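Text of the file input31.txt, holding compact mmCIF, C-alpha atoms:
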# COMPACT_ATOMS: atom_id res chain seq x y z
CA MET X 1 127.00 89.53 114.30
CA SER X 2 125.39 88.93 110.92
CA LYS X 3 125.13 91.75 108.40
CA LEU X 4 121.77 93.26 107.60
CA SER X 5 121.15 93.67 103.91
CA ILE X 6 118.41 95.74 102.30
CA ASP X 7 117.49 95.51 98.62
CA PHE X 8 115.47 98.27 97.02
CA ILE X 9 113.60 97.07 93.93
CA PRO X 10 111.86 99.66 91.74
CA MET X 11 108.35 98.43 90.98
CA GLU X 12 108.80 99.61 87.39
CA ILE X 13 111.34 96.80 86.93
CA LEU X 14 109.45 94.21 88.95
CA ALA X 15 106.19 94.88 87.12
CA LYS X 16 107.74 93.71 83.83
CA SER X 17 107.74 90.11 85.10
CA PRO X 18 104.68 87.88 85.48
CA LEU X 19 103.20 87.54 88.98
CA ASP X 20 104.79 84.17 89.80
CA GLU X 21 108.25 85.40 88.78
CA ARG X 22 107.80 88.62 90.79
CA VAL X 23 106.92 86.65 93.88
CA GLU X 24 109.79 84.19 93.36
CA LEU X 25 112.30 87.02 92.95
CA ILE X 26 111.18 88.65 96.19
CA LEU X 27 111.03 85.35 98.06
CA ASP X 28 114.52 84.31 96.88
CA LYS X 29 115.96 87.52 98.31
CA ILE X 30 114.12 87.06 101.60
CA LYS X 31 115.29 83.46 101.89
CA ASN X 32 118.81 84.88 101.47
CA LYS X 33 118.14 86.98 104.59
CA LYS X 34 117.58 90.24 102.77
CA ILE X 35 114.99 92.88 103.52
CA VAL X 36 113.18 93.99 100.38
CA VAL X 37 111.78 97.48 99.87
CA LEU X 38 109.43 98.26 96.96
CA ASN X 39 108.39 101.76 95.92
CA SER X 40 104.79 100.63 95.56
CA ARG X 41 101.89 99.23 97.50
CA PHE X 42 101.54 95.49 97.09
CA ASP X 43 98.42 94.32 95.29
CA PRO X 44 96.26 92.11 97.59
CA ARG X 45 96.23 89.30 95.02
CA ASP X 46 100.06 89.45 94.77
CA GLU X 47 100.21 89.33 98.52
CA ALA X 48 97.97 86.25 98.67
CA VAL X 49 100.28 84.51 96.18
CA LEU X 50 103.32 85.60 98.21
CA ILE X 51 101.78 84.11 101.38
CA LYS X 52 100.94 80.86 99.55
CA ARG X 53 104.47 80.53 98.15
CA THR X 54 105.94 81.48 101.53
CA MET X 55 103.95 78.73 103.25
CA GLU X 56 105.13 76.20 100.66
CA SER X 57 108.72 77.20 101.49
CA VAL X 58 108.55 77.18 105.30
CA ASN X 59 111.11 74.92 106.94
CA ARG X 60 113.40 74.91 109.99
CA THR X 61 115.56 77.79 108.72
CA PHE X 62 112.91 79.78 106.88
CA THR X 63 109.84 80.45 109.01
CA GLY X 64 108.10 82.95 106.79
CA VAL X 65 107.99 86.67 106.18
CA GLU X 66 107.10 89.90 107.90
CA ILE X 67 105.44 92.31 105.52
CA CYS X 68 103.99 95.78 105.60
CA SER X 69 102.49 97.61 102.65
CA LEU X 70 101.22 101.19 102.81
CA SER X 71 99.46 103.26 100.19
CA SER X 72 100.61 106.83 99.66
CA SER X 73 97.47 108.21 101.35
CA GLU X 74 98.25 106.12 104.44
CA LEU X 75 101.83 107.40 104.34
CA MET X 76 100.51 110.96 104.24
CA GLY X 77 98.53 110.12 107.37
CA ASP X 78 95.24 110.54 105.52
CA ASN X 79 93.24 107.34 105.07
CA SER X 80 89.98 109.15 104.44
CA TRP X 81 87.53 108.14 101.76
CA LEU X 82 88.40 111.25 99.71
CA ALA X 83 92.16 110.59 99.93
CA ARG X 84 91.66 106.99 98.84
CA MET X 85 89.44 108.09 95.93
CA LYS X 86 92.13 110.56 94.79
CA GLU X 87 94.75 107.85 95.03
CA THR X 88 92.60 105.39 93.05
CA MET X 89 92.19 108.02 90.31
CA VAL X 90 95.93 108.72 90.18
CA ASN X 91 96.72 104.99 90.13
CA PHE X 92 94.15 104.44 87.39
CA MET X 93 95.71 107.20 85.26
CA THR X 94 99.33 106.25 85.90
CA GLY X 95 98.80 102.48 86.06
CA GLY X 96 100.66 102.36 89.38
CA LYS X 97 99.92 101.62 93.02
CA SER X 98 101.66 104.42 94.83
CA GLY X 99 103.01 103.62 98.26
CA ILE X 100 105.71 101.50 99.84
CA THR X 101 106.17 97.84 100.78
CA VAL X 102 108.73 96.38 103.17
CA ILE X 103 109.20 92.60 103.38
CA GLY X 104 111.72 90.74 105.51
CA PRO X 105 112.50 87.24 106.76
CA ALA X 106 110.62 86.41 109.99
CA LYS X 107 113.79 84.85 111.45
CA ILE X 108 115.46 88.27 111.37
CA VAL X 109 112.60 90.78 111.45
CA ARG X 110 110.54 90.65 114.63
CA GLU X 111 107.88 93.08 113.49
CA ILE X 112 107.15 95.65 110.82
CA LYS X 113 104.76 98.07 112.40
CA ARG X 114 102.57 100.48 110.48
CA GLU X 115 102.50 103.86 112.17
CA PRO X 116 100.13 106.64 111.05
CA ASP X 117 102.82 108.21 108.85
CA ARG X 118 105.66 105.69 108.64
CA ILE X 119 106.74 102.07 108.78
CA SER X 120 108.87 100.95 111.73
CA LEU X 121 110.95 97.81 111.39
CA PHE X 122 112.15 95.92 114.47
CA ILE X 123 114.98 93.42 114.22
CA LYS X 124 115.26 90.38 116.52
CA MET R 1 81.93 80.98 84.43
CA LYS R 2 79.91 84.18 84.09
CA LEU R 3 77.45 82.40 81.80
CA LYS R 4 77.17 79.52 84.28
CA GLY R 5 76.48 82.00 87.10
CA PHE R 6 73.87 83.81 85.02
CA LEU R 7 72.09 80.57 84.07
CA LEU R 8 72.13 79.36 87.68
CA SER R 9 70.73 82.68 88.84
CA PHE R 10 68.05 82.60 86.11
CA VAL R 11 66.97 79.06 86.98
CA ASN R 12 66.92 79.87 90.72
CA ARG R 13 64.74 82.90 90.12
CA LEU R 14 62.49 81.04 87.69
CA PHE R 15 61.72 78.34 90.25
CA ASN R 16 62.00 80.73 93.19
CA LYS R 17 64.66 78.41 94.56
CA LYS R 18 66.43 79.65 97.70
CA ARG R 19 70.16 79.98 97.36
CA VAL R 20 72.54 78.41 99.89
CA PHE R 21 75.16 81.00 100.77
CA ARG R 22 78.74 79.99 101.41
CA LEU R 23 79.72 81.92 104.52
CA GLY R 24 83.48 81.91 105.13
CA ILE R 25 85.06 82.77 108.46
CA TYR R 26 88.48 84.32 107.95
CA GLY R 27 91.04 86.01 110.17
CA PRO R 28 94.45 85.67 111.80
CA PRO R 29 95.18 82.81 114.24
CA ASN R 30 93.55 83.10 117.69
CA ALA R 31 90.98 85.72 116.66
CA GLY R 32 88.20 83.33 117.67
CA LYS R 33 86.99 82.08 114.28
CA THR R 34 86.19 78.55 115.43
CA SER R 35 84.46 79.85 118.58
CA ILE R 36 82.18 81.93 116.32
CA ALA R 37 81.62 79.00 113.94
CA ASN R 38 80.83 76.75 116.91
CA PHE R 39 78.32 79.21 118.37
CA ILE R 40 76.47 79.68 115.06
CA SER R 41 76.51 75.96 114.28
CA LYS R 42 75.42 74.96 117.79
CA GLU R 43 72.61 77.52 117.82
CA TRP R 44 71.08 76.40 114.52
CA THR R 45 72.07 72.74 114.14
CA GLY R 46 72.77 71.66 117.72
CA GLU R 47 76.33 70.62 116.83
CA GLU R 48 79.70 72.34 117.16
CA MET R 49 82.24 72.42 114.34
CA GLY R 50 85.73 72.24 115.83
CA THR R 51 87.97 72.42 118.86
CA VAL R 52 89.33 75.69 120.23
CA SER R 53 92.65 76.25 121.97
CA LYS R 54 94.94 79.00 123.21
CA VAL R 55 97.72 77.48 121.10
CA PRO R 56 97.78 79.26 117.73
CA HIS R 57 96.82 77.34 114.57
CA GLU R 58 94.45 74.95 116.38
CA THR R 59 92.32 74.87 113.21
CA ARG R 60 94.55 73.57 110.43
CA GLU R 61 91.97 72.35 107.96
CA VAL R 62 88.97 74.02 106.37
CA SER R 63 85.84 72.67 107.99
CA VAL R 64 82.35 72.93 106.51
CA LYS R 65 78.94 72.67 108.14
CA GLU R 66 76.39 72.32 105.38
CA LYS R 67 72.85 73.66 105.25
CA VAL R 68 72.73 75.75 108.42
CA LEU R 69 69.31 77.38 108.47
CA ILE R 70 69.29 80.77 110.22
CA GLN R 71 65.90 82.32 111.01
CA LYS R 72 64.94 85.85 111.96
CA ASP R 73 61.49 87.50 112.12
CA GLY R 74 59.97 84.83 109.89
CA LYS R 75 62.78 85.12 107.32
CA LYS R 76 65.29 82.38 106.62
CA ILE R 77 68.70 82.09 105.06
CA GLU R 78 70.48 78.86 104.45
CA ILE R 79 74.26 78.83 104.66
CA ASN R 80 77.17 76.48 104.31
CA LEU R 81 79.32 77.60 107.22
CA ILE R 82 83.03 77.41 106.36
CA ASP R 83 85.57 77.75 109.17
CA THR R 84 89.09 78.36 107.86
CA PRO R 85 92.58 78.09 109.40
CA GLY R 86 94.07 81.38 110.63
CA ILE R 87 96.00 83.26 107.98
CA SER R 88 99.55 84.22 108.86
CA THR R 89 102.71 85.19 106.99
CA LYS R 90 104.92 83.08 109.25
CA VAL R 91 104.80 79.73 111.05
CA ASP R 92 107.59 78.78 113.46
CA PHE R 93 107.31 75.47 115.30
CA GLU R 94 109.36 76.95 118.16
CA GLU R 95 106.45 79.29 118.93
CA PHE R 96 104.31 76.26 119.84
CA LEU R 97 106.92 75.03 122.32
CA LYS R 98 106.13 78.10 124.47
CA TYR R 99 102.64 76.64 124.99
CA GLY R 100 104.02 73.35 126.26
CA VAL R 101 103.59 71.48 122.98
CA LYS R 102 106.20 68.72 122.54
CA LYS R 103 108.84 69.22 119.83
CA ASN R 104 107.65 66.58 117.35
CA GLU R 105 104.04 67.60 117.80
CA ALA R 106 105.06 71.25 117.31
CA LYS R 107 106.82 70.39 114.04
CA ASN R 108 103.76 68.50 112.81
CA ARG R 109 101.52 71.35 113.87
CA ALA R 110 103.69 73.83 111.94
CA ARG R 111 103.65 71.64 108.82
CA GLU R 112 99.87 71.28 108.97
CA ALA R 113 99.44 74.99 109.70
CA THR R 114 101.30 76.01 106.53
CA LYS R 115 99.08 73.69 104.47
CA GLY R 116 96.01 75.08 106.22
CA ILE R 117 96.95 78.66 105.33
CA ILE R 118 97.36 77.71 101.66
CA GLU R 119 94.00 75.93 101.75
CA ALA R 120 92.28 78.93 103.36
CA ILE R 121 93.60 81.25 100.63
CA LYS R 122 92.47 78.84 97.89
CA TRP R 123 88.95 78.76 99.34
CA LEU R 124 88.63 82.56 99.10
CA ASP R 125 87.38 82.32 95.51
CA ASP R 126 84.48 80.08 96.56
CA MET R 127 82.91 82.36 99.18
CA ASP R 128 79.66 84.31 98.81
CA VAL R 129 79.97 86.24 102.08
CA VAL R 130 82.80 86.45 104.59
CA LEU R 131 83.08 87.24 108.28
CA ALA R 132 86.51 88.85 108.75
CA VAL R 133 87.22 88.11 112.40
CA MET R 134 89.55 90.31 114.42
CA ASP R 135 90.61 90.23 118.07
CA SER R 136 89.20 93.51 119.42
CA THR R 137 91.82 93.61 122.19
CA LYS R 138 94.60 93.99 119.61
CA ASP R 139 95.61 96.57 117.03
CA PRO R 140 93.36 95.68 114.06
CA TYR R 141 95.43 97.55 111.49
CA THR R 142 97.69 94.61 110.69
CA GLN R 143 98.94 93.47 107.32
CA VAL R 144 97.09 90.14 107.59
CA ASN R 145 93.75 91.87 108.22
CA ILE R 146 94.42 94.32 105.38
CA THR R 147 95.41 91.47 103.04
CA ILE R 148 92.23 89.52 103.84
CA LEU R 149 89.99 92.56 103.32
CA GLY R 150 91.90 93.58 100.17
CA ASN R 151 91.48 90.13 98.65
CA LEU R 152 87.76 90.12 99.41
CA GLU R 153 87.44 93.59 97.91
CA VAL R 154 89.13 92.65 94.61
CA ARG R 155 86.92 89.56 94.42
CA LYS R 156 83.84 91.68 95.21
CA ILE R 157 82.86 89.39 98.10
CA PRO R 158 80.63 91.13 100.68
CA VAL R 159 82.20 91.17 104.13
CA ILE R 160 81.21 91.82 107.74
CA VAL R 161 84.08 92.70 110.07
CA VAL R 162 83.61 90.92 113.40
CA ALA R 163 85.38 92.44 116.41
CA ASN R 164 85.52 89.44 118.76
CA LYS R 165 86.37 89.17 122.46
CA THR R 166 84.25 92.14 123.59
CA ASP R 167 83.97 90.50 127.02
CA LEU R 168 87.63 91.30 127.73
CA LYS R 169 88.55 94.52 129.51
CA THR R 170 91.00 95.65 126.84
CA SER R 171 88.48 95.19 124.01
CA ARG R 172 88.08 98.29 121.79
CA VAL R 173 85.45 97.78 119.07
CA LYS R 174 85.69 101.48 118.17
CA ARG R 175 89.35 101.01 117.24
CA VAL R 176 88.27 98.34 114.71
CA SER R 177 85.52 100.49 113.17
CA THR R 178 87.92 103.47 112.98
CA ALA R 179 90.53 101.34 111.21
CA PHE R 180 88.01 100.00 108.68
CA PRO R 181 85.30 102.68 108.31
CA GLN R 182 84.12 101.32 104.95
CA TYR R 183 82.89 98.04 106.48
CA LYS R 184 80.00 97.02 108.70
CA VAL R 185 81.63 96.18 112.05
CA VAL R 186 79.89 93.96 114.59
CA GLY R 187 81.28 93.60 118.11
CA LEU R 188 80.68 90.27 119.80
CA SER R 189 81.91 87.80 122.35
CA ALA R 190 81.86 84.25 121.02
CA SER R 191 82.80 82.85 124.43
CA GLN R 192 79.88 84.62 126.15
CA GLY R 193 77.45 84.39 123.23
CA ASN R 194 76.90 88.16 123.12
CA GLY R 195 76.34 90.20 119.94
CA PHE R 196 75.10 87.39 117.69
CA LYS R 197 71.69 89.00 117.13
CA GLU R 198 73.43 92.00 115.56
CA LEU R 199 75.60 89.65 113.53
CA TYR R 200 72.55 87.82 112.16
CA ASP R 201 70.90 91.19 111.34
CA ALA R 202 74.04 92.19 109.42
CA LEU R 203 74.10 88.79 107.71
CA PHE R 204 70.49 89.13 106.52
CA ASP R 205 71.31 92.61 105.20
CA ILE R 206 74.51 91.65 103.42
CA THR R 207 73.17 88.53 101.72
CA LYS R 208 70.88 90.86 99.77
CA GLU R 209 74.06 92.10 98.04
CA VAL R 210 74.99 88.61 96.88
CA LYS R 211 73.96 87.86 93.31
CA ARG R 212 71.58 84.95 93.13
Would you mind writing the file's structure down as structure tokens?
Amino acid sequence: MSKLSIDFIPMEILAKSPLDERVELILDKIKNKKIVVLNSRFDPRDEAVLIKRTMESVNRTFTGVEICSLSSSELMGDNSWLARMKETMVNFMTGGKSGITVIGPAKIVREIKREPDRISLFIK
Amino acid sequence: MKLKGFLLSFVNRLFNKKRVFRLGIYGPPNAGKTSIANFISKEWTGEEMGTVSKVPHETREVSVKEKVLIQKDGKKIEINLIDTPGISTKVDFEEFLKYGVKKNEAKNRAREATKGIIEAIKWLDDMDVVLAVMDSTKDPYTQVNITILGNLEVRKIPVIVVANKTDLKTSRVKRVSTAFPQYKVVGLSASQGNGFKELYDALFDITKEVKR
């Protein structure tokens, strides 16, 4: 049975690198069969770049990624307009994107499901 | 780029020239994007755009139908209809084998599908309006749907969420509108041709938001 490895990367460290390097760092870990957890919501543009780079890397052994990214208001089970406005204000003032992101290799992770107040990860 | 856009807009207004809108159809694989593109294209040009299949990633290249003239109550809008490959975070050729596709063909399909996804993402920047197509029989709150909508939002591209497959018993359009309350949601069945009048109404409304 293969070992399951999870890497937690603080966004404060990741954010110091340019977008391409951030994506490469995450993708390298996933290609090495690791599950990556970030203490931040993924920016949609970053995610589009991650998908593009993932598709460029797909082969017989690496079939892509499973990803789930939740904002803090979603995590609190409140996705209302007011909650999202509050979160936007906080993010604007702190320069962050509060939330959580879980990314794993599709060969290992069957599904990462977003529940109203949590993320559930299912292994193959 | 901004200056170019401004000058184009100024010239168009000066000569009262009608703008051709680039209407992109985006969504995950098997949501029914090509069926929708085919219906719209067939209705207004008499020709379909692409083939549809139950096997995921049937559309692996961006396909464009130029100058589709849609009319409603004496008003007209002209669009370039752009059908895109389904966006996904994973492509495994073994998945295609389950649909009876032969191994070599499945590998080719997977290779083309990955290129198609990259192409679809690249085209995002060129859209004026987007139909974000979702399968209304499935949970709409997926990462792919959120990524598509998030990318349109940051690019300030107006979007209509289309909840397709309303003809199926398990269809729940309400679930789609609850998941994405900030968007105009139109329920339709591309296979039955239902709901397109509401879609065209929404399209006429939303193109007013697009800068000329």
Checklist entry - Residues of chain X within 6 Å of chain R, using all atoms listed in the file, as number ranges by chain? => result X: 44, 51-52, 55, 63-65, 68
Next on the checklist: Can you pull out the residues contacting Asp43 of chain X? Cut-off 12 Å, using only C-alpha atoms, and skip same-chain residues under 3 positions away; I want them as a ChimeraX atom specification.
Outcome noted: /X:11,15,19,22-23,38,40,46-50,68-71,91,96-101 /R:146-151,153-154
Item to check | Selection: 8 Å around segment 161-177 of chain R, all atoms listed in the file, excl. self and same-chain fewer than 6 positions, as a ChimeraX atom specification | outcome: /R:31-32,131-141,183-192
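In this model, the gap between atom CA of Val130 of chain R and atom CA of Pro158 of chain R comes to 6.5 Å.
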Item to check | Atomic distance atom CA of Asn30 of chain R - atom CA of Ile82 of chain R, expressed in Å with one decimal | outcome: 16.5 Å
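For the pair atom CA of Ser53 of chain R and atom CA of Ile40 of chain R, the separation is 17.9 Å.
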Next on the checklist: Please determine, counting only C-alpha atoms, which residue among X:Glu12, X:Asp7, X:Glu111, X:Glu21 has the shortest atom-to-atom distance to Lys124 of chain X.
Outcome noted: X:Glu111
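Remark: for Asn38 of chain R, the closest of the candidate residues R:Asp83, R:Glu209, R:Asp201, R:Asp73 is R:Asp83 (distances computed over all atoms listed in the file).
Residues in contact with Pro85 of chain R at up to 9 Å, not including ones fewer than 5 positions away on its chain and judged by only C-alpha atoms, are Ile25, Tyr26, Gly27, Pro28, Pro29, Lys33, Thr34, His57, Glu58, Thr59, Arg60, Glu61, Val62, Ser63, Ala113, Gly116, Ile117, Glu119 and Ala120 of chain R.
The residue set within 12 Å of Leu69 of chain R, counting all atoms listed in the file and dropping same-chain residues fewer than 2 places from it, reads Lys18, Arg19, Val20, Phe21, Ile40, Ser41, Lys42, Glu43, Trp44, Thr45, Gly46, Lys65, Glu66, Lys67, Gln71, Lys72, Lys75, Lys76, Ile77, Glu78, Ile79, Asn80, Leu81, Tyr200 and Phe204 of chain R.
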Checklist entry - In terms of the shortest atom-to-atom distance over only C-alpha atoms, which of X:Arg45, X:Val37, X:Lys31, X:Phe62 is closest to Ile119 of chain X? => result X:Val37
